[in-house]
>>> print(open('protein.txt').read())   # compact mmCIF, C-alpha atoms and all ligand atoms
# COMPACT_ATOMS: atom_id res chain seq x y z
CA MET I 1 0.00 0.00 0.00
CA THR I 2 1.32 3.44 -0.87
CA ALA I 3 2.14 5.55 2.16
CA ARG I 4 0.20 8.81 2.23
CA ARG I 5 0.76 10.10 5.75
CA LEU I 6 4.40 10.88 5.97
CA VAL I 7 6.95 12.72 8.03
CA VAL I 8 10.23 13.64 6.36
CA LEU I 9 13.28 14.21 8.54
CA GLY I 10 16.70 15.43 7.48
CA ARG I 11 19.33 17.96 8.44
CA GLN I 12 19.02 21.45 7.09
CA GLY I 13 20.38 21.26 3.55
CA ALA I 14 19.70 17.52 3.20
CA GLY I 15 17.47 18.25 0.23
CA LYS I 16 14.32 17.68 2.24
CA GLY I 17 12.38 20.56 0.70
CA THR I 18 13.18 19.54 -2.88
CA GLN I 19 12.23 15.91 -2.30
CA CYS I 20 9.07 16.85 -0.43
CA VAL I 21 7.77 19.14 -3.17
CA ARG I 22 8.18 16.35 -5.73
CA LEU I 23 6.76 13.61 -3.53
CA ALA I 24 3.73 15.63 -2.43
CA ALA I 25 2.91 16.41 -6.07
CA ASP I 26 3.24 12.73 -7.05
CA LEU I 27 1.11 11.53 -4.17
CA ALA I 28 -1.34 14.42 -4.57
CA VAL I 29 -1.17 15.27 -0.87
CA PRO I 30 -0.46 18.69 0.69
CA HIS I 31 3.17 19.48 1.52
CA VAL I 32 3.10 21.01 5.00
CA SER I 33 6.45 22.68 5.59
CA THR I 34 6.41 24.33 9.01
CA GLY I 35 9.36 26.54 7.98
CA ASP I 36 7.43 27.78 4.93
CA VAL I 37 4.27 28.36 6.98
CA LEU I 38 6.26 30.39 9.52
CA ARG I 39 8.14 32.38 6.88
CA ALA I 40 4.84 33.23 5.15
CA ALA I 41 3.44 34.36 8.51
CA VAL I 42 6.51 36.57 9.05
CA ARG I 43 6.08 38.13 5.59
CA GLN I 44 2.39 38.76 6.21
CA ARG I 45 3.11 40.13 9.70
CA THR I 46 0.44 37.97 11.33
CA ASN I 47 0.49 37.41 15.10
CA LEU I 48 2.14 34.04 14.48
CA GLY I 49 4.76 35.71 12.28
CA LEU I 50 5.52 38.41 14.82
CA GLU I 51 5.93 35.80 17.53
CA ALA I 52 8.04 33.43 15.41
CA LYS I 53 10.43 35.91 13.78
CA ARG I 54 12.91 36.34 16.59
CA PHE I 55 13.26 32.59 17.04
CA ILE I 56 13.72 31.97 13.33
CA ASP I 57 16.28 34.73 12.83
CA ALA I 58 18.32 33.50 15.78
CA GLY I 59 18.24 29.94 14.41
CA ASP I 60 16.23 28.82 17.45
CA LEU I 61 13.17 26.61 17.49
CA VAL I 62 9.75 28.17 17.84
CA PRO I 63 8.05 26.97 21.08
CA ASP I 64 6.39 23.57 20.81
CA GLU I 65 2.87 24.75 21.68
CA VAL I 66 2.97 27.37 18.93
CA ILE I 67 4.08 24.99 16.19
CA VAL I 68 1.83 22.14 17.33
CA GLY I 69 -1.15 24.50 16.99
CA VAL I 70 -0.06 25.40 13.45
CA VAL I 71 0.23 21.75 12.38
CA ARG I 72 -3.02 20.73 14.03
CA GLU I 73 -4.83 23.37 11.94
CA LYS I 74 -3.13 22.27 8.72
CA LEU I 75 -4.00 18.60 9.22
CA ALA I 76 -7.64 19.50 9.90
CA GLU I 77 -8.02 21.18 6.47
CA PRO I 78 -10.20 19.31 3.95
CA VAL I 79 -7.28 19.12 1.50
CA ALA I 80 -5.42 16.93 4.03
CA ARG I 81 -8.19 14.35 4.26
CA ASN I 82 -6.41 11.76 2.09
CA GLY I 83 -2.92 12.28 3.38
CA TRP I 84 -0.17 14.81 3.93
CA LEU I 85 3.55 15.16 4.00
CA LEU I 86 5.05 16.88 7.02
CA ASP I 87 8.36 18.63 6.37
CA GLY I 88 10.14 20.14 9.38
CA PHE I 89 7.74 18.72 11.94
CA PRO I 90 8.05 17.10 14.41
CA ARG I 91 11.41 18.45 15.55
CA THR I 92 11.21 17.54 19.23
CA LEU I 93 9.87 14.61 21.26
CA PRO I 94 6.96 16.65 22.67
CA GLN I 95 6.03 17.58 19.08
CA ALA I 96 6.16 13.92 18.02
CA GLU I 97 4.00 12.91 20.96
CA ALA I 98 1.53 15.69 20.21
CA LEU I 99 1.38 14.53 16.60
CA LEU I 100 0.54 10.94 17.48
CA ASP I 101 -2.01 12.23 20.01
CA VAL I 102 -3.75 14.12 17.22
CA LEU I 103 -3.50 11.24 14.73
CA GLY I 104 -4.08 8.20 16.91
CA ASP I 105 -1.83 5.15 16.94
CA ASP I 106 -2.13 4.16 13.27
CA GLY I 107 -2.19 7.69 11.98
CA LEU I 108 1.33 7.86 10.56
CA ASP I 109 2.61 5.57 7.78
CA VAL I 110 6.32 6.33 7.84
CA ALA I 111 9.02 8.79 8.92
CA ILE I 112 11.62 9.07 6.16
CA ASP I 113 15.03 10.24 7.30
CA ILE I 114 17.20 11.73 4.54
CA ASP I 115 20.69 11.20 5.85
CA VAL I 116 23.51 13.56 4.79
CA PRO I 117 26.77 14.16 6.74
CA ASN I 118 27.26 17.45 8.57
CA ASP I 119 30.18 18.77 6.47
CA VAL I 120 28.20 18.25 3.26
CA VAL I 121 25.18 20.19 4.49
CA VAL I 122 27.29 23.09 5.81
CA ALA I 123 28.75 23.53 2.33
CA ARG I 124 25.31 23.27 0.71
CA LEU I 125 23.65 25.77 3.07
CA SER I 126 26.43 28.33 2.78
CA SER I 127 25.88 28.59 -0.96
CA ARG I 128 22.10 28.07 -0.97
CA ARG I 129 19.98 30.85 -2.53
CA VAL I 130 16.19 30.63 -2.33
CA CYS I 131 13.64 32.57 -4.39
CA GLU I 132 11.41 34.56 -2.06
CA SER I 133 8.49 34.39 -4.46
CA CYS I 134 8.37 30.76 -5.61
CA GLY I 135 10.81 28.86 -3.39
CA TRP I 136 13.16 27.88 -6.25
CA VAL I 137 16.51 26.84 -4.80
CA THR I 138 19.96 27.08 -6.37
CA SER I 139 23.60 27.06 -5.34
CA ALA I 140 25.59 30.27 -5.80
CA PRO I 141 28.77 30.23 -3.69
CA ASP I 142 30.02 33.51 -5.14
CA ALA I 143 26.89 35.72 -5.07
CA LEU I 144 24.49 36.63 -2.27
CA SER I 145 21.60 36.86 -4.72
CA VAL I 146 20.87 35.67 -8.26
CA ASP I 147 17.93 35.86 -10.67
CA CYS I 148 15.32 33.15 -10.18
CA ALA I 149 15.22 30.83 -13.22
CA GLU I 150 11.59 29.86 -12.50
CA CYS I 151 9.65 33.08 -11.94
CA GLY I 152 12.04 35.93 -12.69
CA GLY I 153 12.19 36.93 -8.99
CA ILE I 154 15.32 37.13 -6.89
CA ALA I 155 16.89 34.15 -5.18
CA SER I 156 18.83 35.27 -2.12
CA ARG I 157 20.39 33.96 1.05
CA ARG I 158 17.78 33.07 3.67
CA SER I 159 18.04 35.25 6.77
CA ASP I 160 18.90 32.10 8.76
CA ASP I 161 21.58 30.84 6.35
CA THR I 162 24.26 33.00 7.97
CA PRO I 163 27.27 31.01 9.30
CA GLU I 164 26.20 31.63 12.94
CA ALA I 165 22.58 30.59 12.41
CA ILE I 166 23.63 27.56 10.33
CA ALA I 167 25.85 26.37 13.19
CA ARG I 168 23.07 26.85 15.73
CA ARG I 169 20.44 25.12 13.60
CA LEU I 170 22.68 22.11 12.97
CA ALA I 171 23.52 21.85 16.67
CA HIS I 172 19.80 21.94 17.49
CA TYR I 173 19.16 19.32 14.86
CA ASP I 174 21.56 16.82 16.36
CA GLU I 175 20.31 17.47 19.90
CA GLU I 176 16.62 17.34 19.10
CA VAL I 177 16.26 15.04 16.14
CA GLY I 178 18.69 12.32 17.32
CA PRO I 179 16.26 11.18 20.04
CA LEU I 180 13.37 11.64 17.62
CA GLN I 181 14.93 9.21 15.13
CA ALA I 182 15.20 6.63 17.91
CA TRP I 183 11.59 7.35 18.92
CA PHE I 184 10.31 6.64 15.39
CA ALA I 185 12.56 3.59 15.06
CA ASP I 186 11.15 2.15 18.32
CA ARG I 187 7.70 2.36 16.80
CA GLY I 188 8.79 0.69 13.55
CA LEU I 189 8.16 3.89 11.61
CA LEU I 190 11.67 5.04 10.66
CA ALA I 191 13.12 4.50 7.18
CA ARG I 192 16.56 5.89 6.44
CA VAL I 193 17.54 7.06 2.95
CA ASP I 194 21.07 7.97 1.84
CA GLY I 195 20.79 11.66 0.92
CA ASN I 196 24.37 12.00 -0.29
CA LEU I 197 23.44 11.01 -3.85
CA SER I 198 21.98 12.98 -6.76
CA PRO I 199 18.46 14.39 -6.18
CA ASP I 200 17.03 11.93 -8.74
CA GLU I 201 18.66 8.94 -7.06
CA VAL I 202 17.42 10.04 -3.65
CA TYR I 203 13.94 10.51 -5.06
CA ALA I 204 13.92 7.07 -6.68
CA THR I 205 14.78 5.48 -3.33
CA ILE I 206 12.07 7.45 -1.54
CA ARG I 207 9.51 6.58 -4.18
CA ARG I 208 10.26 2.85 -3.88
CA LEU I 209 10.03 3.08 -0.14
CA VAL I 210 6.72 4.92 -0.19
CA GLN I 211 5.24 2.35 -2.55
CA GLY I 212 6.47 -0.61 -0.51
CA ASP I 213 4.12 -2.92 1.36
CA SER I 214 5.92 -2.46 4.63
CA VAL I 215 8.57 -0.27 6.12
CA VAL I 216 11.48 -1.81 7.93
CA SER I 217 12.88 0.32 10.71
CA GLY I 218 16.25 1.72 9.73
CA ALA I 219 16.03 0.32 6.18
CA ALA I 220 18.26 1.97 3.57
P1 LIG P 301 15.70 24.55 8.58
O1 LIG P 301 15.33 23.10 8.60
O2 LIG P 301 16.62 24.90 7.47
O3 LIG P 301 16.06 25.13 9.92
P2 LIG P 301 12.93 25.27 8.20
O4 LIG P 301 12.48 25.99 7.00
O5 LIG P 301 12.43 23.89 8.44
O6 LIG P 301 14.49 25.36 8.09
O7 LIG P 301 12.64 26.11 9.51
C1 LIG P 301 13.09 27.43 9.67
C2 LIG P 301 12.89 27.86 11.10
O8 LIG P 301 11.49 27.76 11.44
C3 LIG P 301 13.59 26.98 12.15
O9 LIG P 301 14.93 27.36 12.36
C4 LIG P 301 12.71 27.25 13.38
O10 LIG P 301 12.97 28.52 13.95
C5 LIG P 301 11.32 27.32 12.78
N1 LIG P 301 10.67 25.99 12.76
C6 LIG P 301 10.30 25.27 11.66
N2 LIG P 301 9.75 24.09 12.02
C7 LIG P 301 9.75 24.06 13.37
C8 LIG P 301 9.34 23.11 14.35
N3 LIG P 301 8.79 21.94 14.02
N4 LIG P 301 9.52 23.42 15.66
C9 LIG P 301 10.05 24.58 16.03
N5 LIG P 301 10.48 25.52 15.17
C10 LIG P 301 10.34 25.28 13.85
>>> encode(input="protein.txt", output="structure tokens")
Amino acid sequence: MTARRLVVLGRQGAGKGTQCVRLAADLAVPHVSTGDVLRAAVRQRTNLGLEAKRFIDAGDLVPDEVIVGVVREKLAEPVARNGWLLDGFPRTLPQAEALLDVLGDDGLDVAIDIDVPNDVVVARLSSRRVCESCGWVTSAPDALSVDCAECGGIASRRSDDTPEAIARRLAHYDEEVGPLQAWFADRGLLARVDGNLSPDEVYATIRRLVQGDSVVSGAA
């Protein structure tokens, strides 16, 4: 049976966003990226955005209760009735527990962990430029902003892709997501994918995994 209720884990710069956009389109389920939801809220200056901005810019996590509320609302939308793909959530054990509380015991099909070593993601993030309008991502080590090849907008460095914020985010990731990986593995829900391959190869592995009849904890 094809998995349709998915969590995708992976260090910043692991290619999570790119893979999630493609997978969500293929599965015809909404791609719920908590980072994107928060950044949109910051741009629109909503209460959520005003509250979240200082955490995001410092490379810190937004408080659990805030982000759990955001995800709960997204999963309750009619468009999420037949499945969803969570990108960037859960990030902490309390978030994971809150998620399974909302969903019930059989509510999640699989947590896919895209595994890329730390030194590789530091290099990727330092040169990453993201279009503010359409989310197109490219690598430009020598320029802080470049023209977007998709929509004609500007792709620039994210405000949290500074060297200091990158270091903080990666440190948080290891502290918070390490235990989370074990938590998913204990429940037989974790599937690990080697993310240090080309985007197409990573996608092919994920696609096979999502189509599989069962998910083996820790499977490559
Ligand atoms: P990255 O994975 O590159 O840090 P995201 O786009 O997933 O980027 O998130 C950007 C920022 O949004 C995070 O640094 C954090 O401040 C906030 N954020 C996103 N998801 C969560 C979450 N599940 N819990 C707490 N904060 C979050």
>>> closest_residue(input="protein.txt", among="I:Glu77, I:Asp160, I:Asp147, I:Glu65", to="Gly35 of chain I", atoms="all atoms listed in the file")
I:Asp160
>>> closest_residue(input="protein.txt", among="I:Pro117, I:Gly83, I:Gly212, I:Pro63", to="ligand LIG 301 (chain P)", atoms="all atoms listed in the file")
I:Pro63
>>> residues_around(input="protein.txt", residues="Ala28 of chain I", least_positions_apart="4", cutoff="9 Å", atoms="all atoms listed in the file", output="list of chain:residue names")
I:Arg4, I:Leu23, I:Ala24, I:Asn82, I:Gly83, I:Trp84
>>> closest_residue(input="protein.txt", among="I:Arg43, I:Asp113, I:Asp106, I:Gln12", to="Asp194 of chain I", atoms="all atoms listed in the file")
I:Asp113
>>> atom_distance(input="protein.txt", atom1="atom CA of Ser156 of chain I", atom2="atom CA of Tyr173 of chain I")
23.3 Å
>>> atom_distance(input="protein.txt", atom1="atom CA of Asp60 of chain I", atom2="atom O10 of ligand LIG 301 (chain P)")
4.8 Å
>>> residues_near_point(input="protein.txt", point="(9.9, 30.7, 5.5)", cutoff="10 Å", atoms="only C-alpha atoms", output="list of chain:residue names")
I:Ser33, I:Thr34, I:Gly35, I:Asp36, I:Val37, I:Leu38, I:Arg39, I:Ala40, I:Ala41, I:Val42, I:Arg43, I:Gly49, I:Lys53, I:Ile56, I:Glu132, I:Gly135, I:Arg158, I:Ser159, I:Asp160
>>> atom_distance(input="protein.txt", atom1="atom CA of Arg5 of chain I", atom2="atom CA of Val130 of chain I")
26.9 Å
>>> residues_around(input="protein.txt", residues="Ala111 of chain I", least_positions_apart="3", cutoff="9 Å", atoms="only C-alpha atoms", output="compact mmCIF listing (two decimals) with C-alpha atoms, in the coordinates of the input")
# COMPACT_ATOMS: atom_id res chain seq x y z
CA ARG I 5 0.76 10.10 5.75
CA LEU I 6 4.40 10.88 5.97
CA VAL I 7 6.95 12.72 8.03
CA VAL I 8 10.23 13.64 6.36
CA LEU I 9 13.28 14.21 8.54
CA LEU I 108 1.33 7.86 10.56
CA GLN I 181 14.93 9.21 15.13
CA PHE I 184 10.31 6.64 15.39
CA ALA I 185 12.56 3.59 15.06
CA LEU I 189 8.16 3.89 11.61
CA LEU I 190 11.67 5.04 10.66
CA ALA I 191 13.12 4.50 7.18
CA ARG I 192 16.56 5.89 6.44
>>> residues_near_ligand(input="protein.txt", ligand="ligand LIG 301 (chain P)", cutoff="9 Å", atoms="all atoms listed in the file", output="MDAnalysis selection string")
chainID I and resid 10:14 16:17 33:39 52:64 66:68 71 87:92 95 125 160:161 165:166 168:170 172:173
>>> write_last_selection(input="protein.txt", atoms="C-alpha atoms", output="mmCIF file, keeping the file's coordinate frame")
data_model
loop_
_atom_site.group_PDB
_atom_site.id
_atom_site.type_symbol
_atom_site.label_atom_id
_atom_site.label_comp_id
_atom_site.auth_asym_id
_atom_site.auth_seq_id
_atom_site.Cartn_x
_atom_site.Cartn_y
_atom_site.Cartn_z
ATOM 1 C CA GLY I 10 16.700 15.430 7.480
ATOM 2 C CA ARG I 11 19.330 17.960 8.440
ATOM 3 C CA GLN I 12 19.020 21.450 7.090
ATOM 4 C CA GLY I 13 20.380 21.260 3.550
ATOM 5 C CA ALA I 14 19.700 17.520 3.200
ATOM 6 C CA LYS I 16 14.320 17.680 2.240
ATOM 7 C CA GLY I 17 12.380 20.560 0.700
ATOM 8 C CA SER I 33 6.450 22.680 5.590
ATOM 9 C CA THR I 34 6.410 24.330 9.010
ATOM 10 C CA GLY I 35 9.360 26.540 7.980
ATOM 11 C CA ASP I 36 7.430 27.780 4.930
ATOM 12 C CA VAL I 37 4.270 28.360 6.980
ATOM 13 C CA LEU I 38 6.260 30.390 9.520
ATOM 14 C CA ARG I 39 8.140 32.380 6.880
ATOM 15 C CA ALA I 52 8.040 33.430 15.410
ATOM 16 C CA LYS I 53 10.430 35.910 13.780
ATOM 17 C CA ARG I 54 12.910 36.340 16.590
ATOM 18 C CA PHE I 55 13.260 32.590 17.040
ATOM 19 C CA ILE I 56 13.720 31.970 13.330
ATOM 20 C CA ASP I 57 16.280 34.730 12.830
ATOM 21 C CA ALA I 58 18.320 33.500 15.780
ATOM 22 C CA GLY I 59 18.240 29.940 14.410
ATOM 23 C CA ASP I 60 16.230 28.820 17.450
ATOM 24 C CA LEU I 61 13.170 26.610 17.490
ATOM 25 C CA VAL I 62 9.750 28.170 17.840
ATOM 26 C CA PRO I 63 8.050 26.970 21.080
ATOM 27 C CA ASP I 64 6.390 23.570 20.810
ATOM 28 C CA VAL I 66 2.970 27.370 18.930
ATOM 29 C CA ILE I 67 4.080 24.990 16.190
ATOM 30 C CA VAL I 68 1.830 22.140 17.330
ATOM 31 C CA VAL I 71 0.230 21.750 12.380
ATOM 32 C CA ASP I 87 8.360 18.630 6.370
ATOM 33 C CA GLY I 88 10.140 20.140 9.380
ATOM 34 C CA PHE I 89 7.740 18.720 11.940
ATOM 35 C CA PRO I 90 8.050 17.100 14.410
ATOM 36 C CA ARG I 91 11.410 18.450 15.550
ATOM 37 C CA THR I 92 11.210 17.540 19.230
ATOM 38 C CA GLN I 95 6.030 17.580 19.080
ATOM 39 C CA LEU I 125 23.650 25.770 3.070
ATOM 40 C CA ASP I 160 18.900 32.100 8.760
ATOM 41 C CA ASP I 161 21.580 30.840 6.350
ATOM 42 C CA ALA I 165 22.580 30.590 12.410
ATOM 43 C CA ILE I 166 23.630 27.560 10.330
ATOM 44 C CA ARG I 168 23.070 26.850 15.730
ATOM 45 C CA ARG I 169 20.440 25.120 13.600
ATOM 46 C CA LEU I 170 22.680 22.110 12.970
ATOM 47 C CA HIS I 172 19.800 21.940 17.490
ATOM 48 C CA TYR I 173 19.160 19.320 14.860
#
>>> residues_around(input="protein.txt", residues="Tyr203 of chain I", least_positions_apart="6", cutoff="12 Å", atoms="all atoms listed in the file", output="PyMOL selection string")
chain I and resi 15-24+26+112+114+193-197+209-210
>>> closest_residue(input="protein.txt", among="I:Thr162, I:Leu99, I:Gly152, I:Lys74", to="Arg128 of chain I", atoms="all atoms listed in the file")
I:Thr162
